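J.: Sharing a structure below in structure tokens format, with a few things to ask.
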Amino acid sequence: MDELPRTVDVVVIGGGPVGENAAARAVRGGLRTVLVEHERLGGECSYWACVPSKALLRPGNALAAARRVPGVPSDGRIDEHAVFARRDAFVSHWDDGGQLEWAEGAGVTIVRGRARLSGEREVTVNGGAVLRATQAVVVCTGSAPVIPDVEGLADVPVWTSRDATSASRVPESLAVLGGGVVGVEMAQAWARLGARVDLLVRGDRLLARMPRFAGEAVAEGLRADGVRVRLGVDAQRVSVVGEGVRIDLDGGEPVTAERLLVATGRRPATTDLGVEQVGLTPGRPLAVDDTGLVSGVDGRWLYAAGDVTGRAPVTHQGKYAARVVGDVVAARARGEQVCPEPWTHHAATADHHAVTQVVFTDPEVATVGLAEPAEPAHRAVELDIAVSGSSLHADGYEGRARLVVDTDREVVLGATFVGQDVAELLHAATIAVVGQVPLRRLWHAVPAFPTISEVWLRLLEEYGL
Ligand SMILES: Cc1cc2nc3c(=O)[nH]c(=O)nc-3n(C[C@H](O)[C@H](O)[C@H](O)COP(=O)(O)OP(=O)(O)OC[C@H]3O[C@@H](n4cnc5c(N)ncnc54)[C@H](O)[C@@H]3O)c2cc1C
Ligand SMILES: NC(=O)c1ccc[n+]([C@@H]2O[C@H](COP(=O)([O-])OP(=O)(O)OC[C@H]3O[C@@H](n4cnc5c(N)ncnc54)[C@H](O)[C@@H]3O)[C@@H](O)[C@H]2O)c1
């Protein structure tokens with residue numbers, strides 16, 4: 001720390017994907033920028049979330065895809081050692097040296113340590129060195145798992161998503177608490193690696209924020225892999241039994257498993273961050289406007305992006321918000337007027353209208369924008385994915401697609417696709433939503449034959465074109 005500048009233009013707290021992007025963008029705007037990270041550069045996403053979870057899911061999805069195409073050798077079993085080795089390579093063996101090199105190459109100064117806000121434009125690292133920011137402090141501290149208040153849960157060893165993405169031995173049995181995205185992805189990954197999996201879900205469906213047909217299709221996919229999907233069960237008590245854990249359920253028989261994964265959501269990481277020093281409440285998300293400026297703090301110096309804002313907790317939306325923040329801070333430093341009109345360079349407008357997400361299960365779920373009609377003028381146009389492209393892609397292909405259409409303006413407000421390999425359909429839908437492309441113009445976007453995208457033509461016909 002001694003040789004570091006104590007006064008810089010921008011201090012970014014948290015070196016996950018979001019903080020890295022905010023810092024790089026600020027540097028690109030000509031600002032001297034320090035990024036403080038207390039664990040690994042690259043954050044949760046690179047080492048314990050997006051990347052390793054997708055590496056664990058991909059082999060099972062590839063094998064299942066091969067099994068749907070007669071003639072392709074697919075009678076073997078997954079070699080878990082090779083899967084773990086590939087996962088380990090993707091997370092660079094949990095070594096962030098490569099990211100450090102990238103950051104230095106991008107001109108970002110890295111400081112290792114835990115940062116706390118200690119006053120206006122001021123950040124203290126490890127309780128010692130003080131960094132002062134002439135322009136802005138940008139908080140990108142991410143989120144942490146929520147462990148619910150269930151009797152006994154605090155006293156038993158459980159898996160969080162960190163363990164579920166980094167383990168290198170397949171447990172004989174795994175109970176998963178929570179039917180959200182982490183729950184369904186990890187239930188399938190570990191089932192396909194050979195664990196006996198129970199998925200314990202409080203509500204009556206999986207993926208409750210998505211259209212019902214999405215959760216139902218994923219539940220069917222999980223059941224086909226032997227996962228026992230238990231809907232409408234509430235964990236009452238958790239205790240240690242032998243080498244494993246027992247979960248007593250309201251609404252079902254008790255479940256015993258070698259491991260218990262708690263996948264019941266995440267909360268913004270604003271505790272132990274000194275937010276009370278600037279009049280904010282620890283534990284709450286940092287509410288931001290569309291430029292990333294934190295609400296409730298005077299002086300236009302505190303910004304935030306990513307999971308910590310609670311806005312759209314997926315990596316790509318956080319990085320988008322980070323690019324906006326970096327550019328806004330640089331523009332304001334140059335004395336330019338920032339006009340955050342919707343859809344301009346200085347406003348993260350897509351967070352309100354076009355958040356994208358893919359659930360990487362088999363079947364996949366891909367969503368953008370509105371999942372359900374929200375006003376009388378909105379109409380859901382929905383059908384099975386049954387086109388030449390899909391039937392050639394896999395025997396017995398099953399999928400479903402929904403567009404939410406604004407019938408007054410005749411534009412697409414949202415899309416949901418479920419089925420094998422639908423993730424790559426999503427960007428076309430995103431462009432339709434963001435571009436507010438009239439349906440009558442979309443009619444002229446002719447899907448290539450034979451691709452799964454032919455479903456777009458069927459959807460437009462179903463609408464009435
Ligand atoms: C199992 C799992 C799978 C996921 N899969 C996907 C996926 O496939 N696609 C997707 O888009 N999203 C996925 N997500 C969500 C994604 O991981 C997050 O949206 C993303 O990591 C948010 O990035 P971030 O930079 O805001 O936060 P993080 O990645 O959490 O990074 C925050 C960083 O800040 C650091 N930090 C925190 N406090 C301090 C401090 N006081 N001082 C210094 N440093 C600090 C942390 O050490 C961390 O490195 C997944 C999440 C989980 C749990
Ligand atoms: N592919 C992806 O984009 C991806 C993958 C994984 C995670 N993520 C993101 O990471 C974050 C965390 O994911 P998550 O699945 O933990 O959260 P989530 O909010 O998606 O799901 C949590 C689930 O747990 C349930 N729950 C809460 N308390 C419970 C309790 N006491 N008992 C039983 N169930 C309970 C909730 O009803 C909810 O269904 C989310 O923002 C998610 O979008 C994204």
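Please note that chains go A, B, ... in the order of the structure tokens, that every chain numbers its residues from 1, and that ligands are numbered from 1 in the order shown.
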I need the residues of stretch 247-413 of chain A that end up classed as strand (DSSP E) by DSSP on the backbone, written out as number ranges by chain.

T.: A: 247-250, 255-257, 259-262, 266-268, 302-304, 356-359, 364-369, 378-384, 399-406, 411-413

J.: Just write the chosen residues, C-alpha atoms, as an mmCIF file, in the first residue's frame.

T.:
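Saved file selection.cif follows:
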```cif
data_model
loop_
_atom_site.group_PDB
_atom_site.id
_atom_site.type_symbol
_atom_site.label_atom_id
_atom_site.label_comp_id
_atom_site.auth_asym_id
_atom_site.auth_seq_id
_atom_site.Cartn_x
_atom_site.Cartn_y
_atom_site.Cartn_z
ATOM 1 C CA ILE A 247 -34.538 -32.569 7.183
ATOM 2 C CA ASP A 248 -37.972 -32.737 8.816
ATOM 3 C CA LEU A 249 -40.598 -31.338 6.521
ATOM 4 C CA ASP A 250 -43.992 -29.804 6.981
ATOM 5 C CA VAL A 255 -35.459 -36.591 3.985
ATOM 6 C CA THR A 256 -31.990 -37.853 4.889
ATOM 7 C CA ALA A 257 -28.992 -37.073 2.727
ATOM 8 C CA ARG A 259 -25.194 -33.332 1.994
ATOM 9 C CA LEU A 260 -27.675 -30.478 2.209
ATOM 10 C CA LEU A 261 -27.344 -27.603 -0.259
ATOM 11 C CA VAL A 262 -29.040 -24.419 0.933
ATOM 12 C CA ARG A 266 -28.892 -14.142 -1.898
ATOM 13 C CA ARG A 267 -28.756 -10.732 -0.225
ATOM 14 C CA PRO A 268 -26.780 -7.660 -1.292
ATOM 15 C CA LEU A 302 -21.295 7.349 -4.502
ATOM 16 C CA TYR A 303 -22.237 4.895 -7.251
ATOM 17 C CA ALA A 304 -23.051 1.172 -7.261
ATOM 18 C CA THR A 356 -32.074 -11.465 -19.887
ATOM 19 C CA GLN A 357 -31.469 -14.752 -18.106
ATOM 20 C CA VAL A 358 -30.745 -18.329 -19.069
ATOM 21 C CA VAL A 359 -31.256 -21.275 -16.727
ATOM 22 C CA GLU A 364 -32.974 -24.796 -20.783
ATOM 23 C CA VAL A 365 -35.049 -21.746 -19.966
ATOM 24 C CA ALA A 366 -34.253 -18.436 -21.676
ATOM 25 C CA THR A 367 -36.111 -15.250 -20.793
ATOM 26 C CA VAL A 368 -36.065 -11.562 -21.611
ATOM 27 C CA GLY A 369 -38.349 -8.766 -20.493
ATOM 28 C CA HIS A 378 -50.722 -7.158 -23.354
ATOM 29 C CA ARG A 379 -51.259 -10.554 -24.920
ATOM 30 C CA ALA A 380 -49.339 -13.805 -24.405
ATOM 31 C CA VAL A 381 -48.769 -15.666 -27.660
ATOM 32 C CA GLU A 382 -47.677 -19.173 -26.845
ATOM 33 C CA LEU A 383 -47.074 -22.516 -28.540
ATOM 34 C CA ASP A 384 -45.004 -25.667 -28.482
ATOM 35 C CA GLY A 399 -40.195 -27.152 -25.973
ATOM 36 C CA ARG A 400 -42.460 -24.184 -25.559
ATOM 37 C CA ALA A 401 -42.226 -20.523 -26.508
ATOM 38 C CA ARG A 402 -44.109 -17.456 -25.322
ATOM 39 C CA LEU A 403 -44.049 -13.885 -26.529
ATOM 40 C CA VAL A 404 -45.688 -11.124 -24.514
ATOM 41 C CA VAL A 405 -46.938 -8.593 -27.057
ATOM 42 C CA ASP A 406 -48.160 -5.031 -26.595
ATOM 43 C CA VAL A 411 -44.163 -4.837 -30.350
ATOM 44 C CA VAL A 412 -42.655 -7.629 -28.264
ATOM 45 C CA LEU A 413 -42.296 -6.857 -24.539
#
```

J.: Can I get the residues close to ligand 2 as a PDB file with N, CA and C atoms, in the first residue's frame, where close means within 9 Å and we count only C-alpha atoms and all ligand atoms?

T.:
```
ATOM      1  N   ALA A  49     -19.661 -19.575  -9.054  1.00  0.00           N
ATOM      2  CA  ALA A  49     -21.061 -19.360  -9.475  1.00  0.00           C
ATOM      3  C   ALA A  49     -21.199 -19.702 -10.963  1.00  0.00           C
ATOM      4  N   CYS A  50     -21.313 -18.668 -11.814  1.00  0.00           N
ATOM      5  CA  CYS A  50     -21.624 -18.894 -13.240  1.00  0.00           C
ATOM      6  C   CYS A  50     -20.707 -19.940 -13.880  1.00  0.00           C
ATOM      7  N   SER A  53     -20.502 -23.619 -12.315  1.00  0.00           N
ATOM      8  CA  SER A  53     -21.800 -24.313 -12.388  1.00  0.00           C
ATOM      9  C   SER A  53     -22.088 -24.733 -13.827  1.00  0.00           C
ATOM     10  N   LYS A  54     -21.737 -23.850 -14.774  1.00  0.00           N
ATOM     11  CA  LYS A  54     -21.967 -24.217 -16.180  1.00  0.00           C
ATOM     12  C   LYS A  54     -21.019 -25.330 -16.601  1.00  0.00           C
ATOM     13  N   SER A 143     -23.101 -10.091  -3.644  1.00  0.00           N
ATOM     14  CA  SER A 143     -24.145 -10.605  -2.749  1.00  0.00           C
ATOM     15  C   SER A 143     -23.615 -11.815  -1.987  1.00  0.00           C
ATOM     16  N   ALA A 144     -24.378 -12.205  -0.969  1.00  0.00           N
ATOM     17  CA  ALA A 144     -23.992 -13.360  -0.147  1.00  0.00           C
ATOM     18  C   ALA A 144     -25.213 -14.254   0.030  1.00  0.00           C
ATOM     19  N   PRO A 145     -24.996 -15.571   0.226  1.00  0.00           N
ATOM     20  CA  PRO A 145     -26.163 -16.460   0.339  1.00  0.00           C
ATOM     21  C   PRO A 145     -26.983 -16.184   1.599  1.00  0.00           C
ATOM     22  N   VAL A 146     -28.280 -16.386   1.482  1.00  0.00           N
ATOM     23  CA  VAL A 146     -29.182 -16.268   2.635  1.00  0.00           C
ATOM     24  C   VAL A 146     -29.352 -17.663   3.233  1.00  0.00           C
ATOM     25  N   ILE A 147     -29.099 -17.785   4.516  1.00  0.00           N
ATOM     26  CA  ILE A 147     -29.362 -19.059   5.211  1.00  0.00           C
ATOM     27  C   ILE A 147     -30.631 -18.842   6.033  1.00  0.00           C
ATOM     28  N   PRO A 148     -31.720 -19.525   5.704  1.00  0.00           N
ATOM     29  CA  PRO A 148     -32.988 -19.224   6.380  1.00  0.00           C
ATOM     30  C   PRO A 148     -32.983 -19.674   7.839  1.00  0.00           C
ATOM     31  N   ASP A 149     -33.916 -19.101   8.569  1.00  0.00           N
ATOM     32  CA  ASP A 149     -34.003 -19.359   9.999  1.00  0.00           C
ATOM     33  C   ASP A 149     -34.799 -20.645  10.246  1.00  0.00           C
ATOM     34  N   VAL A 150     -34.162 -21.786   9.982  1.00  0.00           N
ATOM     35  CA  VAL A 150     -34.808 -23.083  10.191  1.00  0.00           C
ATOM     36  C   VAL A 150     -34.127 -23.726  11.393  1.00  0.00           C
ATOM     37  N   SER A 161     -23.772 -22.479  -2.308  1.00  0.00           N
ATOM     38  CA  SER A 161     -23.451 -22.620  -3.734  1.00  0.00           C
ATOM     39  C   SER A 161     -21.939 -22.725  -3.940  1.00  0.00           C
ATOM     40  N   LEU A 177     -32.308 -27.442  -0.817  1.00  0.00           N
ATOM     41  CA  LEU A 177     -33.402 -26.629  -0.275  1.00  0.00           C
ATOM     42  C   LEU A 177     -33.536 -25.376  -1.136  1.00  0.00           C
ATOM     43  N   GLY A 178     -34.692 -25.224  -1.802  1.00  0.00           N
ATOM     44  CA  GLY A 178     -34.925 -24.046  -2.647  1.00  0.00           C
ATOM     45  C   GLY A 178     -35.051 -24.433  -4.119  1.00  0.00           C
ATOM     46  N   GLY A 179     -36.135 -23.987  -4.732  1.00  0.00           N
ATOM     47  CA  GLY A 179     -36.402 -24.345  -6.136  1.00  0.00           C
ATOM     48  C   GLY A 179     -36.186 -23.184  -7.079  1.00  0.00           C
ATOM     49  N   GLY A 180     -35.208 -22.301  -6.751  1.00  0.00           N
ATOM     50  CA  GLY A 180     -34.842 -21.202  -7.650  1.00  0.00           C
ATOM     51  C   GLY A 180     -33.780 -21.671  -8.632  1.00  0.00           C
ATOM     52  N   VAL A 181     -33.036 -20.722  -9.185  1.00  0.00           N
ATOM     53  CA  VAL A 181     -32.105 -21.056 -10.264  1.00  0.00           C
ATOM     54  C   VAL A 181     -30.941 -21.918  -9.751  1.00  0.00           C
ATOM     55  N   VAL A 182     -30.371 -21.542  -8.605  1.00  0.00           N
ATOM     56  CA  VAL A 182     -29.269 -22.351  -8.072  1.00  0.00           C
ATOM     57  C   VAL A 182     -29.773 -23.764  -7.767  1.00  0.00           C
ATOM     58  N   GLY A 183     -30.957 -23.845  -7.149  1.00  0.00           N
ATOM     59  CA  GLY A 183     -31.507 -25.153  -6.765  1.00  0.00           C
ATOM     60  C   GLY A 183     -31.665 -26.074  -7.959  1.00  0.00           C
ATOM     61  N   VAL A 184     -32.291 -25.583  -9.039  1.00  0.00           N
ATOM     62  CA  VAL A 184     -32.549 -26.487 -10.168  1.00  0.00           C
ATOM     63  C   VAL A 184     -31.256 -26.820 -10.924  1.00  0.00           C
ATOM     64  N   GLU A 185     -30.386 -25.820 -11.096  1.00  0.00           N
ATOM     65  CA  GLU A 185     -29.150 -26.113 -11.844  1.00  0.00           C
ATOM     66  C   GLU A 185     -28.283 -27.124 -11.087  1.00  0.00           C
ATOM     67  N   MET A 186     -28.132 -26.910  -9.788  1.00  0.00           N
ATOM     68  CA  MET A 186     -27.242 -27.803  -9.040  1.00  0.00           C
ATOM     69  C   MET A 186     -27.884 -29.174  -8.815  1.00  0.00           C
ATOM     70  N   LEU A 200     -36.178 -29.866  -2.514  1.00  0.00           N
ATOM     71  CA  LEU A 200     -37.230 -29.533  -1.546  1.00  0.00           C
ATOM     72  C   LEU A 200     -37.707 -28.107  -1.811  1.00  0.00           C
ATOM     73  N   VAL A 201     -38.968 -27.984  -2.203  1.00  0.00           N
ATOM     74  CA  VAL A 201     -39.483 -26.704  -2.677  1.00  0.00           C
ATOM     75  C   VAL A 201     -40.714 -26.323  -1.862  1.00  0.00           C
ATOM     76  N   ARG A 202     -40.676 -25.101  -1.352  1.00  0.00           N
ATOM     77  CA  ARG A 202     -41.759 -24.622  -0.506  1.00  0.00           C
ATOM     78  C   ARG A 202     -43.044 -24.391  -1.305  1.00  0.00           C
ATOM     79  N   GLY A 203     -42.924 -23.781  -2.453  1.00  0.00           N
ATOM     80  CA  GLY A 203     -44.091 -23.424  -3.261  1.00  0.00           C
ATOM     81  C   GLY A 203     -44.584 -24.602  -4.090  1.00  0.00           C
ATOM     82  N   ARG A 205     -44.297 -24.784  -7.385  1.00  0.00           N
ATOM     83  CA  ARG A 205     -43.624 -24.830  -8.687  1.00  0.00           C
ATOM     84  C   ARG A 205     -42.151 -24.458  -8.544  1.00  0.00           C
ATOM     85  N   LEU A 206     -41.395 -24.840  -9.548  1.00  0.00           N
ATOM     86  CA  LEU A 206     -39.997 -24.414  -9.625  1.00  0.00           C
ATOM     87  C   LEU A 206     -39.935 -23.073 -10.345  1.00  0.00           C
ATOM     88  N   LEU A 207     -38.848 -22.344 -10.160  1.00  0.00           N
ATOM     89  CA  LEU A 207     -38.571 -21.103 -10.892  1.00  0.00           C
ATOM     90  C   LEU A 207     -39.791 -20.182 -10.870  1.00  0.00           C
ATOM     91  N   ALA A 208     -40.201 -19.814  -9.659  1.00  0.00           N
ATOM     92  CA  ALA A 208     -41.488 -19.137  -9.462  1.00  0.00           C
ATOM     93  C   ALA A 208     -41.588 -17.796 -10.181  1.00  0.00           C
ATOM     94  N   ARG A 209     -40.436 -17.175 -10.503  1.00  0.00           N
ATOM     95  CA  ARG A 209     -40.518 -15.865 -11.174  1.00  0.00           C
ATOM     96  C   ARG A 209     -40.699 -16.001 -12.693  1.00  0.00           C
ATOM     97  N   VAL A 233     -43.330 -28.450   0.267  1.00  0.00           N
ATOM     98  CA  VAL A 233     -42.768 -28.920   1.542  1.00  0.00           C
ATOM     99  C   VAL A 233     -41.947 -27.790   2.177  1.00  0.00           C
ATOM    100  N   ASP A 234     -42.057 -27.684   3.489  1.00  0.00           N
ATOM    101  CA  ASP A 234     -41.379 -26.602   4.197  1.00  0.00           C
ATOM    102  C   ASP A 234     -40.435 -27.227   5.222  1.00  0.00           C
ATOM    103  N   ALA A 235     -39.162 -26.867   5.174  1.00  0.00           N
ATOM    104  CA  ALA A 235     -38.205 -27.426   6.138  1.00  0.00           C
ATOM    105  C   ALA A 235     -38.520 -26.896   7.537  1.00  0.00           C
ATOM    106  N   GLN A 236     -38.728 -27.809   8.479  1.00  0.00           N
ATOM    107  CA  GLN A 236     -39.065 -27.416   9.854  1.00  0.00           C
ATOM    108  C   GLN A 236     -37.863 -27.509  10.784  1.00  0.00           C
ATOM    109  N   VAL A 262     -28.068 -25.480   0.656  1.00  0.00           N
ATOM    110  CA  VAL A 262     -29.040 -24.419   0.933  1.00  0.00           C
ATOM    111  C   VAL A 262     -28.977 -23.420  -0.222  1.00  0.00           C
ATOM    112  N   ALA A 263     -30.063 -23.352  -0.973  1.00  0.00           N
ATOM    113  CA  ALA A 263     -30.105 -22.491  -2.182  1.00  0.00           C
ATOM    114  C   ALA A 263     -31.362 -21.633  -2.111  1.00  0.00           C
ATOM    115  N   THR A 264     -31.419 -20.815  -1.060  1.00  0.00           N
ATOM    116  CA  THR A 264     -32.645 -20.075  -0.780  1.00  0.00           C
ATOM    117  C   THR A 264     -32.477 -18.573  -1.016  1.00  0.00           C
ATOM    118  N   GLY A 265     -31.655 -18.219  -1.974  1.00  0.00           N
ATOM    119  CA  GLY A 265     -31.541 -16.815  -2.373  1.00  0.00           C
ATOM    120  C   GLY A 265     -30.283 -16.150  -1.853  1.00  0.00           C
ATOM    121  N   ARG A 266     -30.075 -14.910  -2.291  1.00  0.00           N
ATOM    122  CA  ARG A 266     -28.892 -14.142  -1.898  1.00  0.00           C
ATOM    123  C   ARG A 266     -29.324 -12.748  -1.462  1.00  0.00           C
ATOM    124  N   ARG A 267     -28.474 -12.106  -0.650  1.00  0.00           N
ATOM    125  CA  ARG A 267     -28.756 -10.732  -0.225  1.00  0.00           C
ATOM    126  C   ARG A 267     -27.575  -9.846  -0.607  1.00  0.00           C
ATOM    127  N   ASP A 307     -24.952  -7.016  -8.241  1.00  0.00           N
ATOM    128  CA  ASP A 307     -25.834  -7.649  -7.256  1.00  0.00           C
ATOM    129  C   ASP A 307     -26.117  -6.753  -6.057  1.00  0.00           C
ATOM    130  N   GLY A 310     -29.365  -4.939  -6.056  1.00  0.00           N
ATOM    131  CA  GLY A 310     -30.618  -5.697  -6.050  1.00  0.00           C
ATOM    132  C   GLY A 310     -31.441  -5.486  -7.314  1.00  0.00           C
ATOM    133  N   ALA A 312     -30.861  -6.347 -10.925  1.00  0.00           N
ATOM    134  CA  ALA A 312     -30.987  -7.457 -11.878  1.00  0.00           C
ATOM    135  C   ALA A 312     -29.797  -8.378 -11.617  1.00  0.00           C
ATOM    136  N   PRO A 313     -29.925  -9.274 -10.636  1.00  0.00           N
ATOM    137  CA  PRO A 313     -28.745  -9.987 -10.121  1.00  0.00           C
ATOM    138  C   PRO A 313     -28.250 -11.122 -11.015  1.00  0.00           C
ATOM    139  N   VAL A 314     -27.820 -10.760 -12.193  1.00  0.00           N
ATOM    140  CA  VAL A 314     -27.107 -11.690 -13.077  1.00  0.00           C
ATOM    141  C   VAL A 314     -25.880 -10.944 -13.610  1.00  0.00           C
ATOM    142  N   THR A 315     -24.875 -11.700 -13.954  1.00  0.00           N
ATOM    143  CA  THR A 315     -23.573 -11.105 -14.288  1.00  0.00           C
ATOM    144  C   THR A 315     -23.647 -10.093 -15.428  1.00  0.00           C
ATOM    145  N   THR A 356     -32.156 -10.122 -19.302  1.00  0.00           N
ATOM    146  CA  THR A 356     -32.074 -11.465 -19.887  1.00  0.00           C
ATOM    147  C   THR A 356     -31.553 -12.463 -18.854  1.00  0.00           C
ATOM    148  N   GLN A 357     -32.008 -13.692 -18.978  1.00  0.00           N
ATOM    149  CA  GLN A 357     -31.469 -14.752 -18.106  1.00  0.00           C
ATOM    150  C   GLN A 357     -31.641 -16.101 -18.782  1.00  0.00           C
ATOM    151  N   VAL A 358     -30.638 -16.938 -18.613  1.00  0.00           N
ATOM    152  CA  VAL A 358     -30.745 -18.329 -19.069  1.00  0.00           C
ATOM    153  C   VAL A 358     -30.548 -19.241 -17.863  1.00  0.00           C
ATOM    154  N   VAL A 359     -31.439 -20.217 -17.722  1.00  0.00           N
ATOM    155  CA  VAL A 359     -31.256 -21.275 -16.727  1.00  0.00           C
ATOM    156  C   VAL A 359     -30.696 -22.454 -17.513  1.00  0.00           C
ATOM    157  N   PHE A 360     -29.486 -22.896 -17.116  1.00  0.00           N
ATOM    158  CA  PHE A 360     -28.746 -23.829 -17.979  1.00  0.00           C
ATOM    159  C   PHE A 360     -29.048 -25.291 -17.668  1.00  0.00           C
ATOM    160  N   THR A 361     -30.294 -25.571 -17.322  1.00  0.00           N
ATOM    161  CA  THR A 361     -30.706 -26.957 -17.122  1.00  0.00           C
ATOM    162  C   THR A 361     -31.024 -27.585 -18.471  1.00  0.00           C
TER     163      THR A 361
END
```

J.: Considering only C-alpha atoms, return as an NGL selection string whatever protein or nucleic-acid residues lie within 7 Å of A:Gly152, sequence-local ones (same chain, fewer than 6 positions apart) excluded.

T.: :A and (237-239)

J.: Near stretch 61-74 of chain A, counting only C-alpha atoms, which residues have an atom at most 10 Å away, once you skip same-chain residues fewer than 4 positions from it, shown as a PyMOL selection string?

T.: chain A and resi 56-57+78+188-189+192+225+360-364+392-397+420-421

J.: So which one's closest to ligand 1, A:Phe84, A:Trp301, A:Trp102, A:Tyr320? Using only C-alpha atoms and all ligand atoms, please.

T.: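 Residue with the minimum atom-to-atom distance to ligand 1: A:Tyr320.
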
J.: Figure out the distance between atom CA of A:Ser46 and atom CA of A:Ala115, please, to one decimal in Å.

T.: 20.6 Å

J.: Which neighbours of stretch 329-341 of chain A fall inside 8 Å, counting only C-alpha atoms, when residues of the same chain fewer than 4 positions from it are skipped, and could you give them as a list of chain:residue names?

T.: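 Once the adjacent positions are removed, what remains is A:Ala26, A:Gly29, A:Gly30, A:Leu31, A:Gln135, A:Ala136, A:Asp290, A:Thr291, A:Val325, A:His345, A:His346, A:Ala347.
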
J.: Can I get the selected residues back with C-alpha atoms, as a PDB file, in the first residue's frame?

T.:
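File out_20.pdb, as written:
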```pdb
ATOM      1  CA  ALA A  26     -13.373   4.534 -15.851  1.00  0.00           C
ATOM      2  CA  GLY A  29     -12.447   7.497 -19.736  1.00  0.00           C
ATOM      3  CA  GLY A  30      -9.044   8.772 -18.611  1.00  0.00           C
ATOM      4  CA  LEU A  31      -9.460   8.373 -14.828  1.00  0.00           C
ATOM      5  CA  GLN A 135     -14.511  11.855  -8.519  1.00  0.00           C
ATOM      6  CA  ALA A 136     -16.340   8.768  -7.306  1.00  0.00           C
ATOM      7  CA  ASP A 290     -30.245   4.613 -14.042  1.00  0.00           C
ATOM      8  CA  THR A 291     -26.753   6.170 -14.027  1.00  0.00           C
ATOM      9  CA  VAL A 325     -21.353   3.875 -14.316  1.00  0.00           C
ATOM     10  CA  HIS A 345     -25.466   5.723 -23.387  1.00  0.00           C
ATOM     11  CA  HIS A 346     -25.705   6.988 -19.808  1.00  0.00           C
ATOM     12  CA  ALA A 347     -28.777   5.078 -18.608  1.00  0.00           C
TER      13      ALA A 347
END
```

J.: Show me, as a ChimeraX atom specification, the residues that have an atom within 12 Å of A:Ser118 when counting only C-alpha atoms, minus same-chain residues fewer than 4 positions from it.

T.: /A:122-133,137,272-279

J.: What's around A:Arg162 at 7 Å? Count only C-alpha atoms, leave out sequence neighbours fewer than 3 positions away in its own chain, and write the answer as a list of chain:residue names.

T.: A:Trp48, A:Thr165, A:Ser166

J.: Between A:Ala386, A:Val455, A:Val297, A:Ala423, which is the closest to ligand 1 once you count only C-alpha atoms and all ligand atoms?

T.: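 Ranking A:Ala386, A:Val455, A:Val297, A:Ala423 by distance to ligand 1, first place goes to A:Ala423.
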
J.: Using only C-alpha atoms, what does the table of stretch 20-92 of chain A residues within 10 Å of stretch 103-106 of chain A look like, with each row giving the shortest atom pair and its distance in Å to one decimal, sorted by chain and ascending number, as a tab-separated table?

T.:
```
residue	atom	partner	partner_atom	distance
A:Glu20	CA	A:Ala103	CA	7.4
A:Asn21	CA	A:Ala103	CA	9.7
A:Ala23	CA	A:Ala103	CA	8.8
A:Ala24	CA	A:Ala106	CA	6.1
A:Arg25	CA	A:Ala106	CA	9.2
A:Val27	CA	A:Ala106	CA	7.6
A:Arg28	CA	A:Ala106	CA	8.3
A:Leu35	CA	A:Ala103	CA	9.1
A:Leu41	CA	A:Ala103	CA	8.8
```

J.: Using DSSP on the backbone coordinates, identify the residues of stretch 168-323 of chain A assigned to helix (DSSP H, G or I); present them as a PyMOL selection string.

T.: chain A and resi 181-192+212-224+275-278+307-309+315-323

J.: Measure the distance from atom 2 (C, counted along the ligand's line) of ligand 1 to atom CA of A:Thr270 in Å and round it to one decimal.

T.: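 Distance reported for this atom pair: 19.1 Å.
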
J.: Take atom CA of A:Arg284 and atom CA of A:Trp159 and report the distance between them in Å, one decimal.

T.: 24.5 Å
